[in-house]
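Here the structure is laid out as structure tokens; the discussion comes afterwards.
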Amino acid sequence: MTASQAAPAPRQTSEQPAQPVLGLLGFVRVLRAAGVAADAGRGLAFVAAVSELSAASPDQVYWAGRITLCSQPDDLPRYDAAFLAWFGATTARSATSEELVSLPSVSASLTGPHPQTGADTEEAEQLSTAASAEERLRHKDFSELSAAEREHLRSLLTALRYRPATRRAVRRRPARRGSVDPRATVRSMLQAGGEVARPLMHRRSRRPRRLVLLVDVSGSMTPYADALLRFAHVLTTAAPATVETFTLGTRLTRLTRALRHRDAEVALRLSAAAVPDYAGGTRLGETLKVFTDRWGQRGMARGAVVVVFSDGWERGGAELLGEQVGRLARLSRAVVWVNPHVGRAGYEPVQSGIVAALPHLHELVSGHSLEALDELLEVVAGA
């Protein structure tokens, strides 16, 4: 079922939009009255999501609200009914007559005028201010965040969506188009008593590529390490079977098992307990060699997308680092180097480690902000 099929259409109106955020806010209030726990944080995420899409598109508003405001399966029929009641849609996929009766009778178009109260206006102003603050936070360097901003960033990181790079699978699967599957076609003919049957088709499907995250947790990367490990946790929980995470410092530490815990705070505590060299020195070349010898060459890096988070400050020999990055590039699909300093004005890749690694990299990107990590996900998906 497509989004356009599932989403109800809005009530048609000849009036033009006044303040779309007030209409969205009213919908959140109706949803709360219907019994959905759409708190202020979810309301803010809903407004932010619609601001990235289009308030004039019912499909986009529908799915933006369904993703950000619903937290459990029981919310879905209430959400459909509330959307129908508030935006005046003619149909709703899961709405029932009993649910519609229990909802408030007020309604509004997606972008047009709607009933306003003092509480609506005040809360809308608060949401508008919060949305602007959130937009600034998306572009702010992790090393410059206050304690409150770091706390807010943790919730924003969970909204990132990971789309893995894919590869063609070895096995073929039944499909409507592709090449003729002779075995399946013969079996079908035998089941039909020998009658000539329509040829059955099959083709190769696509499977997600493994993603390997190597996070430098040395002293120079301390301002970024917490955000990067939380980013790794988001990706690991999204695809636990294909995402691997290690830390680099004076030694190599595998954190995959710790980061598979669903609770981010528990996962970070387990990770902190497992990393003995956090905020210490760095020997990138040696630790990358350990990874390649012990894990990468045995299969973990073969055909994978490898992402190295590091500023490139190397205490050991840069030649060894260049040699190991070259090995990784030959084993993997792509090596992406994420340097938080790339996003700063006037940055030049002059550190010895970056200079040695640069010829072997698929791409050198920044990773200093939430927006930069979002762009990194696009690079990974296209690798």
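By order in the structure tokens, chains are A, B, ...; within a chain, residues start at 1; ligands start at 1, following the order shown.
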Requested in this report: Would you please extract all helix (DSSP H, G or I) residues from stretch 121-325 of chain A, as assigned by DSSP on the backbone, and give them as a ChimeraX atom specification?
Outcome: /A:121-139,142-144,147-157,182-191,219-238,256-259,264-274,284-300,318-325
Report task. Would you mind listing what lies within 12 Å of stretch 221-227 of chain A as a VMD selection string, with only C-alpha atoms counted and same-chain residues fewer than 5 positions away left out? Result -> chain A and resid 141 to 146 149 to 158 214 to 216 232 to 234 247 to 249 264 to 265 267 to 269 271 to 272 275 277 to 282 309 to 313 338 to 341 366 to 370 373
Write the residues of the preceding selection, restricted to N, CA and C atoms, as a compact mmCIF listing (two decimals), in the first residue's frame.
```txt
# COMPACT_ATOMS: atom_id res chain seq x y z
N ASP A 141 28.48 23.08 15.99
CA ASP A 141 29.57 22.15 16.22
C ASP A 141 29.37 21.44 17.57
N PHE A 142 29.58 20.13 17.59
CA PHE A 142 29.39 19.35 18.81
C PHE A 142 30.26 19.88 19.96
N SER A 143 31.44 20.38 19.63
CA SER A 143 32.37 20.84 20.67
C SER A 143 31.92 22.14 21.32
N GLU A 144 30.91 22.81 20.74
CA GLU A 144 30.45 24.10 21.26
C GLU A 144 29.09 24.00 21.95
N LEU A 145 28.58 22.79 22.14
CA LEU A 145 27.25 22.62 22.72
C LEU A 145 27.29 22.79 24.23
N SER A 146 26.22 23.39 24.76
CA SER A 146 26.07 23.45 26.21
C SER A 146 25.50 22.12 26.71
N GLU A 149 21.99 21.71 25.46
CA GLU A 149 21.96 21.42 24.02
C GLU A 149 22.39 19.97 23.76
N ARG A 150 23.33 19.50 24.52
CA ARG A 150 23.74 18.09 24.36
C ARG A 150 22.58 17.15 24.70
N GLU A 151 21.83 17.52 25.72
CA GLU A 151 20.68 16.70 26.10
C GLU A 151 19.64 16.68 24.98
N HIS A 152 19.40 17.85 24.38
CA HIS A 152 18.44 17.94 23.28
C HIS A 152 18.95 17.19 22.06
N LEU A 153 20.26 17.28 21.83
CA LEU A 153 20.85 16.61 20.68
C LEU A 153 20.61 15.10 20.73
N ARG A 154 20.60 14.54 21.93
CA ARG A 154 20.41 13.10 22.05
C ARG A 154 19.08 12.66 21.46
N SER A 155 18.05 13.46 21.67
CA SER A 155 16.74 13.10 21.11
C SER A 155 16.72 13.32 19.60
N LEU A 156 17.44 14.33 19.12
CA LEU A 156 17.46 14.59 17.68
C LEU A 156 18.23 13.50 16.94
N LEU A 157 19.26 12.95 17.57
CA LEU A 157 20.03 11.89 16.92
C LEU A 157 19.16 10.67 16.63
N THR A 158 18.21 10.41 17.52
CA THR A 158 17.36 9.23 17.33
C THR A 158 16.43 9.39 16.13
N LEU A 214 34.62 2.98 12.71
CA LEU A 214 35.84 3.02 13.52
C LEU A 214 35.94 4.42 14.12
N VAL A 215 35.72 4.52 15.43
CA VAL A 215 35.61 5.82 16.09
C VAL A 215 36.87 6.10 16.90
N ASP A 216 37.57 7.17 16.56
CA ASP A 216 38.75 7.60 17.30
C ASP A 216 38.30 8.24 18.61
N ALA A 232 26.57 6.05 16.47
CA ALA A 232 26.81 4.63 16.20
C ALA A 232 25.72 3.77 16.82
N HIS A 233 25.23 4.17 17.99
CA HIS A 233 24.16 3.40 18.63
C HIS A 233 22.88 3.46 17.80
N VAL A 234 22.56 4.62 17.24
CA VAL A 234 21.36 4.76 16.40
C VAL A 234 21.45 3.82 15.19
N THR A 247 36.34 1.15 18.55
CA THR A 247 36.99 2.40 18.91
C THR A 247 38.49 2.28 18.66
N LEU A 248 39.08 3.41 18.27
CA LEU A 248 40.52 3.49 18.01
C LEU A 248 41.13 4.45 19.02
N GLY A 249 42.26 4.09 19.56
CA GLY A 249 43.01 4.95 20.47
C GLY A 249 44.41 4.41 20.53
N ALA A 264 19.76 3.74 24.98
CA ALA A 264 20.99 4.44 24.61
C ALA A 264 21.88 4.69 25.82
N GLU A 265 21.29 5.05 26.96
CA GLU A 265 22.10 5.35 28.14
C GLU A 265 22.81 4.09 28.64
N ALA A 267 23.58 1.51 26.78
CA ALA A 267 24.58 1.18 25.76
C ALA A 267 25.83 2.03 25.92
N LEU A 268 25.66 3.33 26.22
CA LEU A 268 26.83 4.20 26.41
C LEU A 268 27.59 3.85 27.68
N ARG A 269 26.88 3.45 28.73
CA ARG A 269 27.57 3.06 29.96
C ARG A 269 28.37 1.77 29.73
N SER A 271 29.58 0.81 26.92
CA SER A 271 30.70 1.16 26.03
C SER A 271 31.82 1.82 26.82
N ALA A 272 31.45 2.74 27.72
CA ALA A 272 32.46 3.43 28.53
C ALA A 272 33.25 2.44 29.38
N VAL A 275 35.91 0.55 27.13
CA VAL A 275 37.01 1.26 26.46
C VAL A 275 38.01 1.75 27.50
N ASP A 277 40.99 3.08 26.95
CA ASP A 277 41.89 4.14 26.48
C ASP A 277 41.12 5.39 26.06
N TYR A 278 39.94 5.59 26.62
CA TYR A 278 39.13 6.77 26.26
C TYR A 278 39.87 8.05 26.66
N ALA A 279 39.92 9.03 25.74
CA ALA A 279 40.58 10.32 25.97
C ALA A 279 42.07 10.17 26.22
N GLY A 280 42.66 9.12 25.70
CA GLY A 280 44.10 8.91 25.84
C GLY A 280 44.84 9.27 24.57
N GLY A 281 45.90 8.56 24.30
CA GLY A 281 46.68 8.83 23.10
C GLY A 281 46.08 8.14 21.88
N THR A 282 46.80 8.23 20.77
CA THR A 282 46.29 7.60 19.55
C THR A 282 47.44 7.01 18.74
N PHE A 309 36.07 7.74 11.90
CA PHE A 309 35.86 9.04 12.53
C PHE A 309 37.16 9.43 13.23
N SER A 310 37.87 10.39 12.70
CA SER A 310 39.14 10.79 13.32
C SER A 310 39.58 12.13 12.76
N ASP A 311 40.31 12.90 13.59
CA ASP A 311 40.87 14.16 13.12
C ASP A 311 42.22 13.96 12.44
N GLY A 312 42.73 12.73 12.45
CA GLY A 312 43.95 12.43 11.71
C GLY A 312 45.24 12.75 12.44
N TRP A 313 45.14 13.13 13.72
CA TRP A 313 46.37 13.38 14.47
C TRP A 313 46.99 12.04 14.84
N VAL A 338 35.71 10.63 8.23
CA VAL A 338 34.93 11.72 8.80
C VAL A 338 35.83 12.50 9.75
N ASN A 339 36.18 13.72 9.36
CA ASN A 339 37.04 14.58 10.18
C ASN A 339 36.21 15.78 10.64
N PRO A 340 35.99 15.96 11.95
CA PRO A 340 35.14 17.08 12.40
C PRO A 340 35.67 18.44 12.04
N HIS A 341 36.94 18.55 11.74
CA HIS A 341 37.52 19.85 11.41
C HIS A 341 37.28 20.24 9.95
N SER A 366 32.87 16.05 6.67
CA SER A 366 32.86 16.57 8.04
C SER A 366 31.88 15.77 8.90
N GLY A 367 32.08 15.83 10.20
CA GLY A 367 31.15 15.12 11.09
C GLY A 367 30.99 15.89 12.37
N HIS A 368 31.01 17.22 12.26
CA HIS A 368 31.05 18.08 13.43
C HIS A 368 29.67 18.47 13.95
N SER A 369 28.61 18.16 13.20
CA SER A 369 27.27 18.60 13.59
C SER A 369 26.24 17.56 13.19
N LEU A 370 25.01 17.76 13.67
CA LEU A 370 23.93 16.85 13.32
C LEU A 370 23.66 16.88 11.82
N LEU A 373 26.25 14.82 10.07
CA LEU A 373 26.02 13.37 10.19
C LEU A 373 24.88 12.93 9.27
```
Near A:Glu195, counting only C-alpha atoms, which residues have an atom at most 10 Å away, once you skip same-chain residues fewer than 6 positions from it, shown as a PDB file with N, CA, C and O atoms, in the first residue's frame?
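What follows is the written file out08.pdb:
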```pdb
ATOM      1  N   VAL A 186       9.276 -25.762 -14.701  1.00  0.00           N
ATOM      2  CA  VAL A 186       9.041 -27.201 -14.887  1.00  0.00           C
ATOM      3  C   VAL A 186       8.177 -27.745 -13.757  1.00  0.00           C
ATOM      4  O   VAL A 186       7.252 -28.538 -13.976  1.00  0.00           O
ATOM      5  N   SER A 188       6.016 -26.177 -12.040  1.00  0.00           N
ATOM      6  CA  SER A 188       4.648 -25.695 -12.261  1.00  0.00           C
ATOM      7  C   SER A 188       3.945 -26.513 -13.330  1.00  0.00           C
ATOM      8  O   SER A 188       2.754 -26.846 -13.206  1.00  0.00           O
ATOM      9  N   MET A 189       4.687 -26.908 -14.388  1.00  0.00           N
ATOM     10  CA  MET A 189       4.099 -27.712 -15.456  1.00  0.00           C
ATOM     11  C   MET A 189       3.730 -29.097 -14.940  1.00  0.00           C
ATOM     12  O   MET A 189       2.672 -29.653 -15.293  1.00  0.00           O
TER      13      MET A 189
END
```
Requested in this report: May I have the residues within 9 Å of A:Arg210 as a ChimeraX atom specification, using only C-alpha atoms and disregarding those fewer than 5 positions away in the same chain?
Outcome: /A:164-166,241-244,300-306
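Using only C-alpha atoms for every distance, the candidate list A:Arg138, A:Arg29, A:Arg163, A:Arg254 yields A:Arg254 as the residue closest to A:Val212.
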Query - Å distance separating atom CA of A:Thr237 from atom CA of A:Arg260, one decimal place - result: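 Taking atom CA of A:Thr237 as the start and atom CA of A:Arg260 as the end point, the length is 5.6 Å.
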Requested in this report: For atom CA of A:Ser220 and atom CA of A:Glu314, determine how far apart the two atoms are, in Å to one decimal place.
Outcome: 10.5 Å
Report task. Please identify all polymer residues within 12 Å of stretch 320-324 of chain A, counting only C-alpha atoms, omitting same-chain residues fewer than 2 positions from it, and present them as a count of residues only. Result -> 38
Shell of 12 Å around A:Arg172, only C-alpha atoms, local chain residues under 2 positions omitted, as a compact mmCIF listing (two decimals) with C-alpha atoms, in the first residue's frame:
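New file out-v8.txt:
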```txt
# COMPACT_ATOMS: atom_id res chain seq x y z
CA ARG A 168 23.23 -7.68 -5.51
CA ALA A 169 22.50 -10.95 -3.71
CA VAL A 170 23.85 -14.27 -5.01
CA PRO A 174 10.73 -15.09 -7.75
CA ALA A 175 9.79 -11.89 -9.50
CA ARG A 177 10.17 -9.48 -14.29
CA GLY A 178 13.65 -10.85 -14.90
CA SER A 179 14.98 -14.06 -16.45
CA VAL A 180 13.08 -17.35 -16.83
CA ASP A 181 13.33 -19.68 -13.84
CA ALA A 184 10.16 -23.37 -11.08
CA MET A 201 10.56 -15.45 -13.71
CA HIS A 202 13.20 -14.74 -11.09
CA ARG A 203 15.96 -12.22 -10.53
CA ARG A 204 18.64 -11.28 -8.05
CA SER A 205 17.49 -9.26 -5.04
CA ARG A 206 19.59 -6.69 -3.21
CA ARG A 207 21.03 -7.08 0.28
```
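Note that the spacing between atom CA of A:Pro240 and atom CA of A:Ala274 amounts to 18.7 Å.
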Query raised in the report: Which of these residues is nearest to A:Phe231, using only C-alpha atoms: A:Ser71, A:Thr245, A:Ser51, A:Ser57?
Result: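 Using only C-alpha atoms, the shortest distance to A:Phe231 belongs to A:Thr245.
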Report task. Kindly indicate which residue among A:Ala81, A:Ala273, A:Val266, A:Ala197 lies nearest to A:Ala33, using only C-alpha atoms for the distances. Result ->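 Residue with the minimum atom-to-atom distance to A:Ala33: A:Ala81.
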